[in-house]
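**Q** Please find work_30.tsv (TSV, C-alpha atoms and all ligand atoms) on the next line:
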chain	number	residue	atom	x	y	z
A	29	MET	CA	13.98	-3.00	15.05
A	30	SER	CA	17.25	-2.14	13.29
A	31	ASN	CA	18.45	1.46	13.47
A	32	THR	CA	20.88	1.18	10.54
A	33	ILE	CA	18.11	1.58	7.94
A	34	LYS	CA	16.98	5.18	7.67
A	35	LYS	CA	15.47	5.29	4.20
A	36	ILE	CA	13.61	2.63	2.20
A	37	ALA	CA	12.71	2.84	-1.49
A	38	VAL	CA	9.70	1.21	-3.13
A	39	LEU	CA	9.01	0.52	-6.80
A	40	THR	CA	6.48	-1.32	-8.94
A	41	SER	CA	7.74	-3.41	-11.83
A	42	GLY	CA	6.44	-5.69	-14.59
A	43	GLY	CA	2.73	-5.84	-15.46
A	44	ASP	CA	0.66	-3.60	-13.18
A	45	ALA	CA	-1.96	-5.23	-10.96
A	46	PRO	CA	-4.87	-3.88	-8.89
A	47	GLY	CA	-3.70	-3.56	-5.29
A	48	MET	CA	-0.24	-2.21	-6.15
A	49	ASN	CA	-1.29	1.28	-5.02
A	50	ALA	CA	-2.64	-0.10	-1.76
A	51	ALA	CA	0.74	-1.81	-1.24
A	52	ILE	CA	2.66	1.42	-1.98
A	53	ARG	CA	0.43	3.17	0.55
A	54	SER	CA	1.11	0.47	3.11
A	55	VAL	CA	4.89	0.62	2.63
A	56	VAL	CA	4.94	4.43	2.86
A	57	ARG	CA	2.77	4.54	5.98
A	58	THR	CA	4.59	1.70	7.72
A	59	CYS	CA	7.86	3.56	7.15
A	60	ALA	CA	6.31	6.72	8.60
A	61	TYR	CA	4.97	4.75	11.57
A	62	HIS	CA	8.49	3.54	12.35
A	63	GLY	CA	10.11	6.95	11.72
A	64	ILE	CA	11.85	5.82	8.51
A	65	ASP	CA	12.00	7.92	5.33
A	66	CYS	CA	10.44	6.47	2.21
A	67	VAL	CA	11.21	7.15	-1.43
A	68	GLY	CA	9.08	6.14	-4.41
A	69	ILE	CA	10.92	5.13	-7.57
A	70	TYR	CA	9.10	5.82	-10.82
A	71	ARG	CA	8.96	3.35	-13.76
A	72	GLY	CA	10.46	0.38	-11.92
A	73	TYR	CA	14.13	-0.42	-12.44
A	74	GLN	CA	14.38	2.03	-15.33
A	75	GLY	CA	13.58	4.88	-12.92
A	76	MET	CA	16.17	3.50	-10.50
A	77	ILE	CA	18.80	3.71	-13.24
A	78	GLU	CA	17.74	7.26	-14.10
A	79	GLY	CA	17.37	8.44	-10.48
A	80	ASP	CA	13.67	9.18	-10.97
A	81	PHE	CA	12.83	9.34	-7.24
A	82	LYS	CA	10.25	11.10	-5.11
A	83	GLU	CA	10.17	11.44	-1.31
A	84	MET	CA	6.89	10.01	-0.03
A	85	GLY	CA	5.12	10.69	3.23
A	86	PRO	CA	1.85	9.41	4.66
A	87	ARG	CA	-0.10	12.25	2.98
A	88	THR	CA	1.34	11.60	-0.50
A	89	VAL	CA	-0.53	8.31	-0.57
A	90	ASN	CA	-3.95	9.70	0.35
A	91	ASN	CA	-6.86	8.39	-1.73
A	92	ILE	CA	-4.99	5.70	-3.63
A	93	ILE	CA	-6.14	2.57	-1.76
A	94	ASN	CA	-9.09	2.30	-4.15
A	95	LYS	CA	-7.19	3.00	-7.38
A	96	GLY	CA	-6.15	0.41	-9.98
A	97	GLY	CA	-2.80	0.60	-11.79
A	98	THR	CA	0.21	2.05	-10.01
A	99	ILE	CA	0.91	5.71	-9.22
A	100	LEU	CA	4.64	4.92	-9.46
A	101	LYS	CA	4.17	3.60	-13.03
A	102	SER	CA	5.68	0.35	-14.12
A	103	ALA	CA	8.13	-0.79	-16.78
A	104	ARG	CA	10.16	-3.76	-17.94
A	105	SER	CA	13.76	-2.47	-18.06
A	106	LYS	CA	16.29	-3.98	-20.48
A	107	ASP	CA	19.05	-1.69	-19.11
A	108	PHE	CA	18.71	-3.24	-15.65
A	109	GLN	CA	19.72	-6.57	-17.17
A	110	THR	CA	23.19	-5.10	-17.82
A	111	SER	CA	25.84	-4.68	-15.15
A	112	GLU	CA	26.34	-1.01	-16.21
A	113	GLY	CA	22.65	-0.34	-15.67
A	114	ARG	CA	22.67	-1.90	-12.22
A	115	LYS	CA	25.82	0.03	-11.23
A	116	LEU	CA	24.13	3.28	-12.17
A	117	ALA	CA	21.04	2.27	-10.20
A	118	TYR	CA	23.18	1.52	-7.14
A	119	LYS	CA	24.92	4.89	-7.47
A	120	HIS	CA	21.58	6.73	-7.51
A	121	LEU	CA	20.27	4.78	-4.52
A	122	THR	CA	23.33	5.40	-2.37
A	123	GLU	CA	23.53	9.07	-3.37
A	124	ALA	CA	19.93	9.44	-2.20
A	125	GLY	CA	20.78	7.76	1.13
A	126	ILE	CA	18.55	4.77	0.41
A	127	SER	CA	19.62	1.60	2.19
A	128	ALA	CA	16.91	-0.94	1.31
A	129	LEU	CA	14.53	-1.64	-1.55
A	130	ILE	CA	11.00	-3.06	-1.72
A	131	VAL	CA	9.97	-4.42	-5.12
A	132	ILE	CA	6.29	-4.93	-5.91
A	133	GLY	CA	6.01	-7.18	-8.96
A	134	GLY	CA	6.20	-10.69	-10.35
A	135	ASP	CA	8.96	-13.27	-10.65
A	136	GLY	CA	10.84	-11.36	-13.39
A	137	SER	CA	11.01	-8.34	-11.08
A	138	PHE	CA	12.19	-10.54	-8.20
A	139	THR	CA	14.97	-11.99	-10.35
A	140	GLY	CA	16.24	-8.44	-10.94
A	141	ALA	CA	16.02	-7.69	-7.22
A	142	GLN	CA	17.96	-10.80	-6.33
A	143	VAL	CA	20.78	-10.14	-8.79
A	144	PHE	CA	21.02	-6.54	-7.59
A	145	SER	CA	21.04	-7.55	-3.93
A	146	LYS	CA	23.83	-10.10	-4.46
A	147	GLU	CA	25.94	-7.75	-6.56
A	148	PHE	CA	25.88	-4.86	-4.08
A	149	ASN	CA	24.96	-6.61	-0.82
A	150	PHE	CA	21.84	-4.42	-0.82
A	151	PRO	CA	18.79	-5.42	1.30
A	152	VAL	CA	15.71	-6.20	-0.83
A	153	MET	CA	12.23	-7.49	-0.10
A	154	GLY	CA	9.56	-8.59	-2.61
A	155	ILE	CA	5.80	-8.10	-2.54
A	156	PRO	CA	4.03	-10.33	-5.10
A	157	GLY	CA	1.94	-8.21	-7.47
A	158	THR	CA	0.56	-9.88	-10.59
A	159	ILE	CA	-2.89	-10.96	-11.69
A	160	ASP	CA	-1.47	-14.35	-12.76
A	161	ASN	CA	-1.11	-15.80	-9.23
A	162	ASP	CA	1.85	-17.82	-10.48
A	163	ILE	CA	4.35	-17.19	-7.68
A	164	PHE	CA	5.49	-19.85	-5.27
A	165	GLY	CA	5.19	-18.97	-1.57
A	166	THR	CA	1.84	-17.22	-1.61
A	167	SER	CA	-1.66	-18.51	-2.17
A	168	HIS	CA	-2.64	-15.07	-3.52
A	169	THR	CA	-0.70	-12.42	-5.41
A	170	LEU	CA	-1.93	-8.82	-5.42
A	171	GLY	CA	-4.46	-8.26	-8.17
A	172	TYR	CA	-5.45	-11.87	-8.67
A	173	ASP	CA	-8.69	-11.66	-6.69
A	174	THR	CA	-9.69	-8.43	-8.44
A	175	ALA	CA	-8.92	-9.94	-11.86
A	176	LEU	CA	-11.08	-12.97	-11.02
A	177	ASN	CA	-13.97	-10.69	-10.14
A	178	THR	CA	-13.48	-8.68	-13.33
A	179	VAL	CA	-13.44	-11.85	-15.42
A	180	ILE	CA	-16.61	-13.31	-13.95
A	181	GLU	CA	-18.38	-9.98	-14.39
A	182	CYS	CA	-17.45	-10.03	-18.09
A	183	ILE	CA	-18.42	-13.68	-18.54
A	184	ASP	CA	-21.78	-13.08	-16.84
A	185	LYS	CA	-22.43	-10.44	-19.47
A	186	ILE	CA	-21.31	-12.69	-22.31
A	187	ARG	CA	-23.59	-15.41	-20.94
A	188	ASP	CA	-26.60	-13.11	-21.40
A	189	THR	CA	-25.94	-12.75	-25.11
A	190	ALA	CA	-24.76	-16.37	-25.52
A	191	SER	CA	-28.01	-17.72	-24.13
A	192	SER	CA	-30.16	-15.25	-26.09
A	193	HIS	CA	-28.64	-16.51	-29.35
A	194	ASN	CA	-28.02	-20.14	-28.34
A	195	ARG	CA	-24.33	-19.65	-28.99
A	196	LEU	CA	-21.07	-21.21	-27.88
A	197	PHE	CA	-18.43	-18.73	-26.71
A	198	PHE	CA	-14.70	-19.30	-26.41
A	199	ILE	CA	-13.41	-16.75	-23.90
A	200	GLU	CA	-9.67	-16.23	-23.59
A	201	VAL	CA	-8.37	-15.01	-20.24
A	202	MET	CA	-4.89	-13.91	-19.11
A	203	GLY	CA	-2.54	-15.76	-16.78
A	204	ARG	CA	0.62	-16.09	-18.86
A	205	ASP	CA	1.73	-19.76	-18.40
A	206	ALA	CA	-0.62	-20.43	-15.48
A	207	GLY	CA	-4.27	-21.47	-15.45
A	208	HIS	CA	-5.33	-20.01	-12.08
A	209	ILE	CA	-7.49	-17.25	-13.55
A	210	ALA	CA	-9.09	-19.58	-16.11
A	211	LEU	CA	-9.82	-22.35	-13.63
A	212	ASN	CA	-11.27	-20.25	-10.84
A	213	ALA	CA	-13.13	-17.76	-13.01
A	214	GLY	CA	-14.33	-20.68	-15.12
A	215	ILE	CA	-15.90	-22.38	-12.13
A	216	GLY	CA	-17.18	-19.07	-10.80
A	217	SER	CA	-18.90	-18.24	-14.06
A	218	GLY	CA	-20.29	-21.73	-14.66
A	219	ALA	CA	-18.20	-22.55	-17.74
A	220	GLU	CA	-18.89	-25.75	-19.63
A	221	GLU	CA	-15.21	-26.45	-20.16
A	222	ILE	CA	-12.00	-24.85	-18.90
A	223	LEU	CA	-8.76	-25.21	-20.85
A	224	ILE	CA	-5.60	-24.61	-18.84
A	225	PRO	CA	-1.89	-25.21	-19.55
A	226	GLU	CA	-1.57	-27.54	-16.56
A	227	GLU	CA	-3.97	-30.11	-18.09
A	228	ASP	CA	-4.04	-31.34	-21.66
A	229	LEU	CA	-7.73	-31.98	-22.25
A	230	GLY	CA	-7.21	-32.86	-25.90
A	231	LEU	CA	-9.35	-31.89	-28.86
A	232	ASP	CA	-11.26	-35.18	-28.87
A	233	ARG	CA	-12.38	-34.76	-25.27
A	234	LEU	CA	-13.39	-31.19	-25.96
A	235	LEU	CA	-15.52	-32.31	-28.90
A	236	GLU	CA	-17.03	-35.10	-26.84
A	237	SER	CA	-17.83	-32.76	-23.99
A	238	LEU	CA	-19.51	-30.22	-26.26
A	239	GLN	CA	-21.51	-32.96	-27.97
A	240	LYS	CA	-22.65	-34.27	-24.60
A	241	SER	CA	-23.59	-30.79	-23.52
A	242	LYS	CA	-25.77	-30.25	-26.60
A	243	ALA	CA	-27.37	-33.67	-26.15
A	244	SER	CA	-28.18	-32.92	-22.51
A	245	GLY	CA	-30.36	-30.02	-23.59
A	246	LYS	CA	-28.02	-27.06	-23.07
A	247	SER	CA	-28.57	-24.44	-25.73
A	248	SER	CA	-25.58	-22.20	-25.02
A	249	SER	CA	-22.13	-22.83	-23.64
A	250	ILE	CA	-19.10	-21.01	-22.33
A	251	VAL	CA	-15.58	-22.42	-22.73
A	252	VAL	CA	-12.89	-20.51	-20.81
A	253	VAL	CA	-9.43	-20.78	-22.38
A	254	ALA	CA	-6.25	-19.75	-20.52
A	255	GLU	CA	-3.96	-17.73	-22.79
A	256	GLY	CA	-1.12	-20.16	-21.98
A	257	ASP	CA	-3.16	-23.25	-22.85
A	258	LYS	CA	-1.03	-25.86	-24.63
A	259	MET	CA	-3.77	-27.45	-26.77
A	260	GLY	CA	-1.82	-26.34	-29.86
A	261	LYS	CA	-4.55	-24.04	-31.14
A	262	ASN	CA	-5.37	-20.47	-30.16
A	263	VAL	CA	-9.00	-19.48	-29.43
A	264	PHE	CA	-9.67	-18.53	-33.05
A	265	GLU	CA	-8.26	-21.82	-34.36
A	266	LEU	CA	-10.30	-23.68	-31.75
A	267	LYS	CA	-13.42	-21.93	-33.01
A	268	ASP	CA	-12.65	-23.01	-36.59
A	269	TYR	CA	-11.92	-26.57	-35.49
A	270	ILE	CA	-15.15	-26.93	-33.51
A	271	GLU	CA	-17.20	-25.28	-36.24
A	272	GLU	CA	-15.82	-27.79	-38.71
A	273	HIS	CA	-16.58	-30.80	-36.50
A	274	LEU	CA	-19.79	-29.61	-34.81
A	275	PRO	CA	-21.55	-27.43	-37.41
A	276	GLU	CA	-24.65	-27.34	-35.22
A	277	TYR	CA	-22.85	-24.81	-32.99
A	278	ASP	CA	-22.95	-21.05	-33.68
A	279	ILE	CA	-19.62	-19.91	-32.20
A	280	ARG	CA	-18.11	-16.59	-31.15
A	281	VAL	CA	-14.75	-15.70	-29.59
A	282	SER	CA	-14.04	-13.08	-26.95
A	283	VAL	CA	-10.51	-12.21	-25.84
A	284	LEU	CA	-10.85	-10.27	-22.58
A	285	GLY	CA	-7.30	-8.83	-22.70
A	286	HIS	CA	-5.97	-5.98	-20.59
A	287	MET	CA	-9.30	-5.02	-19.04
A	288	GLN	CA	-8.45	-7.87	-16.64
A	289	ARG	CA	-5.56	-5.82	-15.25
A	290	GLY	CA	-7.53	-2.66	-14.53
A	291	GLY	CA	-10.16	-1.43	-12.11
A	292	ALA	CA	-10.47	-0.75	-8.41
A	293	PRO	CA	-8.92	-3.48	-6.26
A	294	SER	CA	-11.28	-5.81	-4.38
A	295	CYS	CA	-11.48	-5.60	-0.60
A	296	PHE	CA	-9.42	-8.80	-0.42
A	297	ASP	CA	-6.60	-7.24	-2.46
A	298	ARG	CA	-6.64	-4.02	-0.42
A	299	VAL	CA	-6.38	-5.89	2.87
A	300	LEU	CA	-3.72	-8.23	1.48
A	301	ALA	CA	-1.69	-5.26	0.17
A	302	SER	CA	-1.90	-3.53	3.55
A	303	ARG	CA	-0.73	-6.65	5.40
A	304	LEU	CA	2.10	-7.43	2.98
A	305	GLY	CA	3.39	-3.84	3.00
A	306	VAL	CA	3.63	-3.83	6.80
A	307	LYS	CA	5.44	-7.17	6.81
A	308	ALA	CA	7.87	-6.11	4.07
A	309	VAL	CA	8.97	-2.94	5.88
A	310	GLU	CA	9.13	-4.55	9.33
A	311	SER	CA	11.13	-7.51	7.98
A	312	ILE	CA	13.70	-5.12	6.53
A	313	LEU	CA	13.88	-3.27	9.84
A	314	GLU	CA	14.50	-6.63	11.54
A	315	GLY	CA	17.56	-7.05	9.32
A	316	LYS	CA	16.02	-9.54	6.87
A	317	SER	CA	16.74	-9.44	3.15
A	318	ASN	CA	16.06	-11.43	-0.01
A	319	PHE	CA	12.61	-12.64	0.97
A	320	MET	CA	9.19	-12.34	-0.57
A	321	VAL	CA	6.27	-11.64	1.74
A	322	GLY	CA	3.19	-13.70	0.97
A	323	ILE	CA	0.10	-15.25	2.44
A	324	SER	CA	-0.59	-18.86	3.30
A	325	LYS	CA	-3.65	-20.09	5.23
A	326	ASP	CA	-4.34	-16.46	6.12
A	327	GLU	CA	-0.93	-16.09	7.78
A	328	VAL	CA	1.60	-13.61	6.39
A	329	THR	CA	4.76	-15.52	5.49
A	330	LEU	CA	8.32	-15.03	4.22
A	331	THR	CA	9.73	-17.12	1.38
A	332	PRO	CA	13.33	-16.83	0.17
A	333	LEU	CA	13.27	-14.90	-3.12
A	334	GLU	CA	15.20	-17.70	-4.78
A	335	GLN	CA	12.41	-20.19	-4.05
A	336	ALA	CA	9.68	-17.75	-5.03
A	337	ILE	CA	11.37	-17.22	-8.39
A	338	LYS	CA	12.02	-20.88	-9.16
A	339	GLY	CA	8.73	-22.37	-8.04
A	340	HIS	CA	5.14	-21.86	-9.12
A	341	TYR	CA	2.02	-21.83	-7.02
A	342	PRO	CA	0.41	-25.15	-8.03
A	343	ILE	CA	-3.04	-25.56	-9.54
A	344	ASP	CA	-5.55	-27.28	-7.27
A	345	MET	CA	-6.41	-30.29	-9.45
A	346	GLU	CA	-9.51	-30.99	-7.34
A	347	LEU	CA	-10.96	-27.84	-8.89
A	348	LEU	CA	-10.89	-29.52	-12.31
A	349	ARG	CA	-13.01	-32.35	-10.90
A	350	VAL	CA	-15.41	-29.82	-9.38
A	351	SER	CA	-15.66	-28.12	-12.76
A	352	ASP	CA	-16.41	-31.46	-14.46
A	353	ILE	CA	-19.15	-32.25	-11.97
A	354	MET	CA	-20.64	-28.76	-12.30
A	355	SER	CA	-20.92	-29.08	-16.07
A	356	THR	CA	-23.07	-32.23	-15.78
B	1	LIG	O1	1.75	-10.96	-16.06
B	1	LIG	C1	0.58	-10.22	-16.19
B	1	LIG	C2	0.08	-10.28	-17.63
B	1	LIG	O2	-1.11	-9.50	-17.71
B	1	LIG	C3	-0.15	-11.69	-18.19
B	1	LIG	O3	-1.36	-12.25	-17.76
B	1	LIG	C4	-0.06	-11.42	-19.67
B	1	LIG	O4	0.36	-12.57	-20.36
B	1	LIG	C5	0.97	-10.33	-19.77
B	1	LIG	O5	1.03	-9.69	-18.50
B	1	LIG	C6	0.69	-9.29	-20.81
B	1	LIG	O6	1.79	-8.44	-20.87
B	1	LIG	P1	1.77	-7.02	-21.60
B	1	LIG	O7	0.98	-6.07	-20.76
B	1	LIG	O8	3.20	-6.64	-21.69
B	1	LIG	O9	1.10	-7.23	-22.92
Re-express the file's structure as structure tokens.
Ligand code: F6P

**A**
Amino acid sequence: MSNTIKKIAVLTSGGDAPGMNAAIRSVVRTCAYHGIDCVGIYRGYQGMIEGDFKEMGPRTVNNIINKGGTILKSARSKDFQTSEGRKLAYKHLTEAGISALIVIGGDGSFTGAQVFSKEFNFPVMGIPGTIDNDIFGTSHTLGYDTALNTVIECIDKIRDTASSHNRLFFIEVMGRDAGHIALNAGIGSGAEEILIPEEDLGLDRLLESLQKSKASGKSSSIVVVAEGDKMGKNVFELKDYIEEHLPEYDIRVSVLGHMQRGGAPSCFDRVLASRLGVKAVESILEGKSNFMVGISKDEVTLTPLEQAIKGHYPIDMELLRVSDIMST
């Protein structure tokens, strides 16, 4: 392990995700294990610009493994997009004796880390934290598994009322431009149809499918709609369209929203966060920089930040076929 790094900073940036606290805990304790100082930066890059730092030891991260959100707070910083902002951030880091940075966040946060690292030749490492699961180089981002569990819990509840009233529900879920949450939670909750940005189902096929479903004897239905779906209509417009064409349906809409980002992380996310935090710190101590730690086939991996930013973790199209078969 390298002896040139004596102090590592960690921050959370972008949309918070369950498991970020478990990752902070892992970074802090791995630093302590290797005799390295660790500093937490509040409010992401904005806190870096303002020098909003706090020394963290193994006891400062007690009792956070089970907590949603992020104790370091998160922000999307416009100032960090300017060269003046980044210069100020660098000044604060060096004044505090910090010689490497771990960024827990999504691809926007990694882009900032990469620019900063190139500008100042500063070692950085990324840990993927977003419920969207849209980052290349990891099969799972922190928070995704928890969000899936939250979504199916909500849909199970909606199903109770949908079936009591023989209703059709359009349920919008998060995921930004990716359909991972919609597709997996849709299958997991037994949805009739799943609309994702990666597949253009088309309004005609949706109508056909709902007609078939009614004809097959189903009295209630759930359609899961990814927020980034490219059908050309939002959930409320879809409701109006279906009501107009299939008046036999009594339709309601439910937009799950930010509840999908909250709550205690699942066991999977806690274990993943612990593994990724260890790998991030140890990779820095081995002299590596500009990588994202991730998981692939249950192995912890390193992907160059540049690739992680440019690519997207692909949708498993076989899951769409599974969903079709399940809605028979
Ligand atoms: O990237 C995480 C995410 O929750 C997306 O699923 C969603 O589109 C977006 O953030 C919402 O952002 P905000 O919290 O700024 O409204």

**Q** As an exercise, work out the distance from CA of Lys338 (chain A) to atom O5 of ligand LIG 1 (chain B) in Å and give it to one decimal place.

**A**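 Interatomic distance here is 18.3 Å.
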
**Q** Which value, in Å to one decimal, gives the distance between CA of Ala210 (chain A) and CA of Leu170 (chain A)?

**A**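 Those two atoms sit 16.8 Å apart.
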
**Q** Could the residues that lie within 10 Å of ligand LIG 1 (chain B), counting only C-alpha atoms and all ligand atoms, be listed as a VMD selection string?

**A** chain A and resid 42 to 45 103 to 104 133 to 136 157 to 162 171 to 172 175 201 to 207 209 254 to 256 285 to 290

**Q** Skip region 307-315 of chain A itself and residues of its chain fewer than 5 positions away, then list as a ChimeraX atom specification all residues within 8 Å of it, counting all atoms listed in the file.

**A** /A:29-31,33,55,58-59,128,130,151-155,320-321,328

**Q** Applying 7 Å and all atoms listed in the file, which residues near region 85-97 of chain A remain after dropping the ones on its own chain fewer than 4 positions away? List them as a list in words.

**A**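 Counting only the stated atoms, we get Asp44, Ala45, Pro46, Gly47, Met48, Asn49, Ala50, Arg53, Val56, Arg57, Ala60, Cys66, Gly290, Gly291, Ala292, Pro293 and Arg298 of chain A.
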
**Q** Considering only C-alpha atoms, state which residue in the set A:Glu236, A:Asp188, A:Glu83, A:Glu78 is at the smallest distance from Leu116 (chain A).

**A**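 Checking each of A:Glu236, A:Asp188, A:Glu83, A:Glu78 against Leu116 (chain A), counting only C-alpha atoms, the winner is A:Glu78.
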
**Q** Enclose region 271-276 of chain A, meaning all of its atoms listed in the file, in a box aligned along x, y and z, pad it by 6 Å on each side, and list the centre and edge lengths in Å to one decimal, as JSON.

**A**
{"center_x": -20.2, "center_y": -28.0, "center_z": -36.8, "size_x": 20.8, "size_y": 17.5, "size_z": 15.9}

**Q** I need the residue nearest Asn212 (chain A) from this list: A:Ser191, A:Ser355, A:Thr98, A:Asn177. Use all atoms listed in the file for the distance.

**A**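 Of A:Ser191, A:Ser355, A:Thr98, A:Asn177, the one nearest Asn212 (chain A) is A:Asn177, counting all atoms listed in the file.
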
**Q** Using only C-alpha atoms for the distances, tell me which of A:Leu330, A:Val143, A:Val299, A:Ile183 is nearest to Lys316 (chain A).

**A** A:Leu330

**Q** Just the residues within 8 Å of Val38 (chain A), please, counting all atoms listed in the file, with nothing from its chain fewer than 4 positions along; format it as a list in words.

**A**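 Counting all atoms listed in the file, the residues come to Ile52, Val55, Cys66, Val67, Gly68, Ile69, Leu129, Ile130, Val131 and Ile132 of chain A.
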
**Q** Just give me the gap between CA of Leu347 (chain A) and CA of Phe138 (chain A) in Å, one decimal is fine.

**A** 28.9 Å

**Q** Please provide as a list in words all residues within 10 Å of Lys115 (chain A), with the sequence filter that same-chain residues fewer than 3 positions apart are discarded (counting all atoms listed in the file).

**A**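 Those residues are Ile77, Phe108, Thr110, Ser111, Glu112, Tyr118, Lys119, His120, Leu121, Phe144, Glu147 and Phe148 of chain A.
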
**Q** Taking into account all atoms listed in the file, which residue in the set A:Leu274, A:Cys295, A:Ala141, A:Leu333 is nearest to Lys242 (chain A)?

**A**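 Closest to Lys242 (chain A) of all the choices is A:Leu274.
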
**Q** Which residue gives the smallest distance to Ala301 (chain A) among A:Lys325, A:His62, A:His168, A:Lys35, with only C-alpha atoms counted?

**A**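 The shortest atom-to-atom distance to Ala301 (chain A) comes from A:His168.
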
**Q** For Gln335 (chain A), work out the shell of residues within 10 Å, counting only C-alpha atoms and skipping chain neighbours fewer than 2 positions away, then give it as a VMD selection string.

**A** chain A and resid 163 to 165 319 to 320 331 to 333 337 to 340

**Q** Residues of the last selection are to be written out with C-alpha atoms, as a PDB file, in the coordinates of the input.

**A**
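Result written to again05.pdb:
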ATOM      1  CA  ILE A 163       4.350 -17.190  -7.680  1.00  0.00           C
ATOM      2  CA  PHE A 164       5.490 -19.850  -5.270  1.00  0.00           C
ATOM      3  CA  GLY A 165       5.190 -18.970  -1.570  1.00  0.00           C
ATOM      4  CA  PHE A 319      12.610 -12.640   0.970  1.00  0.00           C
ATOM      5  CA  MET A 320       9.190 -12.340  -0.570  1.00  0.00           C
ATOM      6  CA  THR A 331       9.730 -17.120   1.380  1.00  0.00           C
ATOM      7  CA  PRO A 332      13.330 -16.830   0.170  1.00  0.00           C
ATOM      8  CA  LEU A 333      13.270 -14.900  -3.120  1.00  0.00           C
ATOM      9  CA  ILE A 337      11.370 -17.220  -8.390  1.00  0.00           C
ATOM     10  CA  LYS A 338      12.020 -20.880  -9.160  1.00  0.00           C
ATOM     11  CA  GLY A 339       8.730 -22.370  -8.040  1.00  0.00           C
ATOM     12  CA  HIS A 340       5.140 -21.860  -9.120  1.00  0.00           C
TER      13      HIS A 340
END

**Q** Counting only C-alpha atoms, which residue out of A:Leu284, A:Ser127, A:Lys185, A:Ser217 sits closest to Thr32 (chain A)?

**A**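 Closest candidate: A:Ser127.
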
**Q** Please, which residues are within 7 Å of (-7.3, -17.3, -27.1) by the file's coordinates, counting only C-alpha atoms, and could they come as a list in words?

**A**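 Using only C-alpha atoms, the matching residues come out as Ile199, Glu200, Val253, Glu255, Asn262, Val263, Phe264 and Val283 of chain A.
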